[in-house]
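Colleague: One file is attached below, upload13.txt, containing compact mmCIF, C-alpha atoms.
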# COMPACT_ATOMS: atom_id res chain seq x y z
CA MET B 182 0.00 0.00 0.00
CA THR B 183 1.56 3.25 -1.11
CA PRO B 184 1.16 6.01 1.48
CA SER B 185 -1.27 8.72 0.47
CA PRO B 186 -0.75 12.45 0.93
CA THR B 187 -3.25 12.31 3.77
CA ASP B 188 -1.05 9.98 5.80
CA ASP B 189 0.03 11.39 9.08
CA LEU B 190 3.49 12.68 8.16
CA PRO B 191 5.27 12.45 11.54
CA GLN B 192 3.97 8.91 12.00
CA ARG B 193 5.12 7.95 8.51
CA ASN B 194 8.53 9.47 9.11
CA GLU B 195 8.88 7.45 12.28
CA ARG B 196 7.83 4.28 10.49
CA ASP B 197 10.32 4.90 7.71
CA GLU B 198 13.08 5.65 10.17
CA THR B 199 12.49 2.42 12.06
CA PHE B 200 12.32 0.49 8.78
CA ALA B 201 15.62 2.05 7.70
CA ALA B 202 17.24 1.27 11.04
CA ILE B 203 15.88 -2.24 11.60
CA ALA B 204 15.08 -3.81 8.22
CA LEU B 205 17.50 -2.34 5.70
CA PRO B 206 20.67 -3.47 7.52
CA HIS B 207 19.63 -7.03 6.66
CA LEU B 208 19.85 -6.41 2.92
CA SER B 209 23.01 -8.45 2.44
CA THR B 210 21.61 -11.33 4.44
CA ILE B 211 18.37 -11.35 2.48
CA ALA B 212 20.33 -11.11 -0.75
CA ARG B 213 22.08 -14.31 0.26
CA VAL B 214 18.77 -15.98 1.08
CA ALA B 215 17.47 -14.89 -2.32
CA THR B 216 20.59 -16.11 -4.08
CA ALA B 217 20.19 -19.46 -2.39
CA LEU B 218 16.60 -19.64 -3.57
CA THR B 219 16.99 -18.45 -7.15
CA GLY B 220 20.57 -19.32 -8.03
CA ASP B 221 20.45 -16.51 -10.55
CA VAL B 222 21.75 -12.94 -10.27
CA ALA B 223 18.91 -11.19 -12.08
CA ASP B 224 16.23 -13.19 -10.25
CA THR B 225 18.00 -12.47 -6.97
CA GLU B 226 17.78 -8.72 -7.51
CA ASP B 227 14.08 -8.92 -8.33
CA LEU B 228 13.40 -11.12 -5.34
CA VAL B 229 15.31 -8.91 -2.91
CA GLN B 230 13.55 -5.83 -4.20
CA GLU B 231 10.13 -7.43 -3.93
CA THR B 232 10.93 -8.75 -0.46
CA PHE B 233 11.80 -5.31 0.86
CA LEU B 234 8.82 -3.70 -0.83
CA ARG B 235 6.49 -6.20 0.82
CA ALA B 236 8.27 -5.78 4.12
CA TYR B 237 7.87 -2.02 3.89
CA ARG B 238 4.20 -2.26 3.03
CA HIS B 239 3.57 -4.65 5.92
CA TRP B 240 5.97 -3.02 8.35
CA HIS B 241 3.10 -2.36 10.74
CA THR B 242 2.76 -6.13 11.22
CA PHE B 243 6.38 -6.53 12.32
CA GLN B 244 6.61 -6.97 16.06
CA GLN B 245 9.22 -4.57 17.34
CA GLY B 246 11.90 -6.43 19.25
CA SER B 247 11.37 -9.71 17.40
CA ASP B 248 13.87 -11.19 14.95
CA CYS B 249 13.69 -8.98 11.86
CA LYS B 250 16.16 -11.10 9.92
CA SER B 251 13.92 -14.17 10.21
CA TRP B 252 10.83 -12.10 9.44
CA LEU B 253 12.41 -10.82 6.22
CA ALA B 254 13.65 -14.29 5.30
CA THR B 255 10.12 -15.62 5.66
CA ILE B 256 8.79 -12.89 3.39
CA CYS B 257 11.56 -13.68 0.90
CA ARG B 258 10.67 -17.35 0.89
CA HIS B 259 6.95 -16.73 0.50
CA THR B 260 7.60 -14.23 -2.26
CA PHE B 261 9.81 -16.68 -4.08
CA ALA B 262 7.19 -19.42 -3.75
CA GLU B 263 4.67 -17.11 -5.36
CA LEU B 264 6.96 -15.99 -8.15
CA ARG B 265 8.61 -19.22 -9.12
CA ARG B 266 8.07 -22.93 -9.06
CA ARG B 267 11.06 -24.32 -7.29
CA GLU B 268 13.38 -26.74 -8.89
CA ASN B 269 13.88 -29.85 -6.82
CA ARG B 270 17.53 -30.29 -6.22
CA ALA B 271 19.08 -33.69 -5.72
CA VAL B 272 19.60 -34.46 -2.09
CA VAL B 273 23.25 -34.95 -1.26
CA VAL B 274 23.64 -37.38 1.56
CA ASP B 275 27.05 -37.49 3.13
CA ASP B 276 28.33 -39.25 6.17
CA GLN B 277 28.23 -36.30 8.52
CA GLU B 278 30.37 -37.95 11.16
CA LEU B 279 33.08 -38.60 8.60
CA GLU B 280 33.13 -34.91 7.83
CA SER B 281 33.86 -34.25 11.49
CA LEU B 282 36.72 -36.73 11.37
CA ALA B 283 37.98 -35.03 8.21
CA ALA B 284 38.10 -31.73 10.11
CA ALA B 285 40.34 -33.32 12.73
CA ARG B 286 42.61 -34.77 10.04
CA LEU B 287 42.84 -31.38 8.41
CA HIS B 288 43.95 -29.92 11.71
CA ASN B 289 46.72 -32.51 11.83
CA THR B 290 47.84 -31.40 8.38
CA ALA B 291 47.76 -27.75 9.47
CA ARG B 292 49.87 -28.63 12.47
CA ALA B 293 52.38 -30.54 10.35
CA LYS B 294 52.64 -27.56 8.01
CA GLY B 295 53.06 -25.05 10.82
CA VAL B 296 49.84 -23.13 10.19
CA ASP B 297 47.56 -24.54 12.87
CA ASP B 298 47.39 -21.10 14.51
CA MET B 299 46.48 -19.39 11.25
CA PHE B 300 43.04 -18.29 12.41
CA ALA B 301 44.51 -16.50 15.41
CA ARG B 302 47.56 -15.14 13.63
CA LEU B 303 46.25 -14.03 10.25
CA ASP B 304 43.47 -11.81 8.95
CA LEU B 305 41.83 -14.30 6.66
CA GLY B 306 38.67 -12.29 5.95
CA PRO B 307 39.38 -11.59 2.27
CA ALA B 308 40.65 -15.13 1.69
CA ILE B 309 37.59 -16.61 3.39
CA ALA B 310 35.25 -14.45 1.30
CA LYS B 311 37.05 -15.53 -1.87
CA ALA B 312 36.94 -19.20 -0.87
CA ILE B 313 33.23 -19.00 -0.04
CA ARG B 314 32.46 -17.40 -3.40
CA ALA B 315 34.37 -20.20 -5.13
CA LEU B 316 32.22 -22.94 -3.54
CA GLU B 317 29.57 -24.71 -5.56
CA PRO B 318 26.30 -22.79 -5.10
CA HIS B 319 24.50 -25.35 -2.91
CA TYR B 320 27.46 -25.48 -0.53
CA ARG B 321 28.11 -21.74 -0.66
CA ASP B 322 24.51 -20.83 0.12
CA VAL B 323 24.26 -23.00 3.21
CA VAL B 324 27.58 -21.93 4.72
CA LEU B 325 26.69 -18.28 4.15
CA LEU B 326 23.30 -18.63 5.78
CA VAL B 327 24.45 -20.66 8.79
CA ASP B 328 28.04 -19.64 9.47
CA VAL B 329 27.98 -16.03 8.29
CA ASP B 330 24.40 -14.92 8.82
CA GLY B 331 23.63 -17.06 11.85
CA PHE B 332 20.47 -18.84 10.71
CA SER B 333 19.71 -22.14 12.40
CA TYR B 334 19.71 -25.43 10.47
CA GLU B 335 15.93 -25.47 10.74
CA GLU B 336 15.52 -21.95 9.42
CA VAL B 337 17.67 -22.72 6.41
CA ALA B 338 15.85 -26.00 5.82
CA THR B 339 12.54 -24.15 5.86
CA SER B 340 13.77 -21.30 3.68
CA LEU B 341 15.27 -23.56 1.03
CA ASP B 342 12.63 -26.27 1.40
CA ILE B 343 15.18 -29.02 1.93
CA PRO B 344 15.53 -31.50 4.81
CA VAL B 345 17.54 -30.48 7.87
CA GLY B 346 19.86 -33.42 7.21
CA THR B 347 20.65 -32.00 3.79
CA VAL B 348 21.46 -28.63 5.32
CA ARG B 349 23.82 -30.35 7.73
CA SER B 350 25.49 -32.45 5.02
CA ARG B 351 26.05 -29.49 2.76
CA LEU B 352 27.28 -27.35 5.63
CA TYR B 353 29.85 -29.85 6.83
CA ARG B 354 31.08 -30.50 3.31
CA ALA B 355 31.28 -26.76 2.66
CA ARG B 356 33.31 -26.26 5.83
CA ARG B 357 35.75 -28.95 4.74
CA HIS B 358 36.20 -27.35 1.32
CA LEU B 359 36.72 -23.98 3.00
CA GLN B 360 39.24 -25.33 5.47
CA GLU B 361 41.17 -27.01 2.68
CA SER B 362 41.20 -23.77 0.67
CA LEU B 363 42.37 -21.72 3.63
CA LEU B 364 45.02 -24.23 4.56
CA ASN B 365 46.40 -24.16 1.03
CA TYR B 366 46.21 -20.38 1.03
CA ALA B 367 48.16 -20.11 4.30
CA ILE B 368 50.82 -22.55 3.11
CA ASP B 369 51.16 -21.02 -0.36
CA ALA B 370 51.40 -17.54 1.14
CA GLY B 371 54.30 -18.68 3.29
CA PHE B 372 52.55 -18.18 6.61
CA ALA B 373 54.16 -21.16 8.31
CA ALA B 374 55.23 -20.14 11.79
CA PRO B 375 58.98 -19.46 12.09
CA SER B 376 59.40 -22.32 14.56
CA TYR B 377 58.32 -24.68 11.80
CA VAL B 378 60.95 -23.53 9.36
CA LEU B 379 63.27 -26.47 9.15
CA PRO B 380 66.67 -25.71 10.72
CA SER B 381 69.87 -26.29 8.81
CA PRO B 382 70.69 -29.97 8.86
CA PRO B 383 73.19 -30.91 11.57
CA PRO B 384 76.70 -31.65 10.36
CA PRO B 385 77.16 -35.28 9.48
CA PRO B 386 78.83 -37.45 12.08
CA PRO B 387 82.55 -37.77 11.60
CA THR B 388 83.69 -40.57 9.45
CA SER B 389 85.82 -43.30 10.93
CA THR B 390 88.87 -41.73 9.20
CA GLU B 391 88.13 -38.33 10.75
CA ARG B 392 87.64 -39.90 14.16
CA ARG B 393 90.99 -41.64 13.85
CA ASN B 394 92.73 -38.38 12.87
CA ALA B 395 91.10 -36.35 15.66
CA MET M 43 44.80 -42.34 28.39
CA PRO M 44 41.71 -42.69 26.16
CA SER M 45 41.74 -45.36 23.47
CA ARG M 46 41.89 -44.48 19.80
CA ALA M 47 38.30 -45.66 19.42
CA GLN M 48 37.20 -43.31 22.19
CA CYS M 49 38.95 -40.39 20.51
CA GLU M 50 37.38 -41.24 17.17
CA ALA M 51 33.92 -41.38 18.74
CA VAL M 52 34.49 -37.91 20.19
CA LEU M 53 35.89 -36.49 16.96
CA ARG M 54 32.84 -37.72 15.06
CA GLN M 55 30.84 -35.26 17.14
CA LEU M 56 33.06 -32.27 16.34
CA TRP M 57 30.67 -30.22 14.19
CA PRO M 58 27.47 -31.20 16.05
CA PHE M 59 29.21 -30.22 19.31
CA LEU M 60 30.33 -26.83 18.00
CA ASP M 61 26.89 -26.17 16.51
CA GLY M 62 25.17 -27.06 19.77
CA MET M 63 23.35 -29.93 18.08
CA ILE M 64 24.01 -32.65 20.63
CA SER M 65 22.38 -33.52 23.92
CA GLU M 66 23.64 -32.19 27.23
CA THR M 67 24.73 -35.70 28.21
CA GLU M 68 26.80 -36.10 25.04
CA ARG M 69 28.28 -32.66 25.54
CA GLU M 70 29.33 -33.43 29.10
CA ALA M 71 30.91 -36.73 28.00
CA ILE M 72 33.01 -34.85 25.46
CA LEU M 73 34.11 -32.30 28.04
CA VAL M 74 35.16 -35.13 30.36
CA HIS M 75 37.13 -36.65 27.47
CA PHE M 76 38.93 -33.34 26.97
CA GLU M 77 40.20 -33.52 30.54
CA GLN M 78 42.15 -36.62 29.52
CA CYS M 79 42.90 -35.80 25.91
CA ALA M 80 44.36 -32.44 24.98
CA ASP M 81 44.84 -33.56 21.39
CA CYS M 82 41.10 -34.01 20.79
CA GLU M 83 40.41 -30.70 22.47
CA SER M 84 42.92 -29.00 20.17
CA HIS M 85 41.03 -30.32 17.12
CA PHE M 86 37.83 -28.77 18.48
CA ASP M 87 39.64 -25.50 19.24
CA PHE M 88 40.99 -25.36 15.69
CA ALA M 89 37.52 -25.91 14.22
CA LYS M 90 36.03 -23.33 16.59
CA ALA M 91 38.63 -20.75 15.52
CA PHE M 92 37.76 -21.55 11.91
CA LEU M 93 34.05 -20.91 12.52
CA GLU M 94 34.82 -17.64 14.29
CA ALA M 95 37.00 -16.53 11.38
CA VAL M 96 34.22 -17.33 8.90
CA ALA M 97 31.69 -15.34 10.93
CA GLU M 98 34.11 -12.42 11.11
CA ALA M 99 34.47 -12.44 7.32
CA LYS M 100 30.93 -11.07 7.01
CA PRO M 101 32.05 -7.50 6.13
CA TYR M 102 33.84 -8.93 3.09
CA LEU M 103 30.63 -10.57 1.91
CA GLU M 104 28.26 -7.60 1.88
CA VAL M 105 26.31 -7.09 -1.35
CA GLU M 106 27.50 -4.43 -3.70
CA GLY M 107 26.06 -0.94 -3.57
CA GLU M 108 24.17 -1.36 -6.82
CA MET M 109 21.61 -3.77 -5.37
CA ALA M 110 21.19 -1.63 -2.26
CA GLU M 111 20.56 1.36 -4.52
CA LYS M 112 17.93 -0.50 -6.53
CA VAL M 113 16.08 -1.55 -3.40
CA ARG M 114 16.17 1.96 -2.04
CA THR M 115 14.85 3.43 -5.30
CA ALA M 116 11.99 0.92 -5.36
CA LEU M 117 11.15 1.72 -1.73
CA GLU M 118 11.17 5.45 -2.42
CA GLU M 119 8.77 4.92 -5.30
CA ALA M 120 6.53 3.18 -2.75
CA GLY M 121 6.64 6.23 -0.49
CA PHE M 122 9.62 5.41 1.71
CA ARG M 123 11.43 8.48 2.99
CA ALA M 124 14.33 8.16 5.37
CA ALA M 125 17.84 9.47 5.68
Could you show the structure in this file as structure tokens?
Modeller:
Amino acid sequence: MTPSPTDDLPQRNERDETFAAIALPHLSTIARVATALTGDVADTEDLVQETFLRAYRHWHTFQQGSDCKSWLATICRHTFAELRRRENRAVVVDDQELESLAAARLHNTARAKGVDDMFARLDLGPAIAKAIRALEPHYRDVVLLVDVDGFSYEEVATSLDIPVGTVRSRLYRARRHLQESLLNYAIDAGFAAPSYVLPSPPPPPPTSTERRNA
Amino acid sequence: MPSRAQCEAVLRQLWPFLDGMISETEREAILVHFEQCADCESHFDFAKAFLEAVAEAKPYLEVEGEMAEKVRTALEEAGFRAA
């Protein structure tokens, strides 16, 4: 509903200010939800725009103090469902426990390479962003929504209309790919801790001839 | 000293533990294991540091200004006025 000239102006200003302060900061998050839903740049833009228009028009129904991010994500999902028939993606079923074991093995590799403190020692933000963008879309979307934007498994499952187990599988696999990328990045960039730089080899033991001449 | 099988059972719960997706009983059992096994705990610490680094990368993953501008224009056409 577009406001009419007869709207109470101070009230409308207050509404717009609260919308700008509470809803608009979630634009990036909702863009990621939309990307996960559409998988297409142009469709994402349309969906984000329509989501925020609907949110603005129905702003009076938003309960102040409740979770605006989830509220917007719900609008985004409903809007998408209206606009498009969703493609059913194949369910990837992985052994989730094996992914946990893989994370421990990867830590062993990091330790052996002298970069196991890389997350504490290095600013990996740009490298992480690059590695996330390089993931296959169904992995990228889930890791963005859970690990970057803080949605729960259930919220992502509902938003993307996939089982919770699929969210978990994709998330764990995505984390492994990311960890591998970051590990390679840290090693290639020469970030191994100085203590791991191999010392010069010790001098060889004296030969029997040398010992005799000593 | 925990057995290798015990360590493996704990490590299989690494991501569910860090995501808070296990029961309180399972969580406590893992914490008890850590008291005897610093190596397992270090694997969890490494994964936790990884998750924190990913969350902190959020500023590098914001959408470009063009989409924000489009949304704002559409909102203004719908009557939105805010600084």
Colleague: Could you please select, counting all atoms listed in the file, the residues of chain M within 8 Å of chain B and state them as a PyMOL selection string?
Modeller: chain M and resi 50+53-57+85-86+88-89+91-93+95-100+102-105+109-110+112-113+116-117+120-125
Colleague: Counting all atoms listed in the file, which residue out of M:Glu119, M:Thr67, M:Val52, M:Ser45 sits closest to Cys82 of chain M?
Modeller: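 Ranked by minimum distance to Cys82 of chain M, first place goes to M:Val52.
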Colleague: Which residue, M:Glu77, M:Glu94, M:Glu108, M:Asp87, has the smallest gap to Phe59 of chain M when you use all atoms listed in the file?
Modeller: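 Going through M:Glu77, M:Glu94, M:Glu108, M:Asp87 one by one, the smallest distance to Phe59 of chain M is for M:Asp87.
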Colleague: Taking into account only C-alpha atoms, which residue in the set B:Val296, B:Val337, B:Val323, B:Tyr366 is nearest to Arg351 of chain B?
Modeller: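 The shortest atom-to-atom distance to Arg351 of chain B comes from B:Val323.
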Colleague: With all atoms listed in the file counted, which protein, DNA or RNA residues have an atom no more than 9 Å from (24.7, -22.0, -1.3) in the file frame? Please answer as a PyMOL selection string.
Modeller: chain B and resi 213-214+216-218+220+316-326+351
Colleague: Work out how far atom CA of Leu253 of chain B is from atom CA of Ile203 of chain B, in Å to one decimal.
Modeller: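 Atom CA of Leu253 of chain B lies at a distance of 10.7 Å from atom CA of Ile203 of chain B.
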Colleague: Axis-aligned box over every listed atom of segment 326-343 of chain B, padded by 5 Å per side: centre and edges in Å to one decimal, as JSON?
Modeller:
{"center_x": 20.3, "center_y": -22.0, "center_z": 6.7, "size_x": 25.5, "size_y": 24.1, "size_z": 21.4}
Colleague: Please indicate the distance in Å from atom CA of Ser251 of chain B to atom CA of Ala223 of chain B, rounded to one decimal place.
Modeller: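 Interatomic distance here is 23.0 Å.
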Colleague: Mind giving me the straight-line distance from atom CA of Arg46 of chain M to atom CA of Ala71 of chain M in Å, one decimal?
Modeller: 15.7 Å
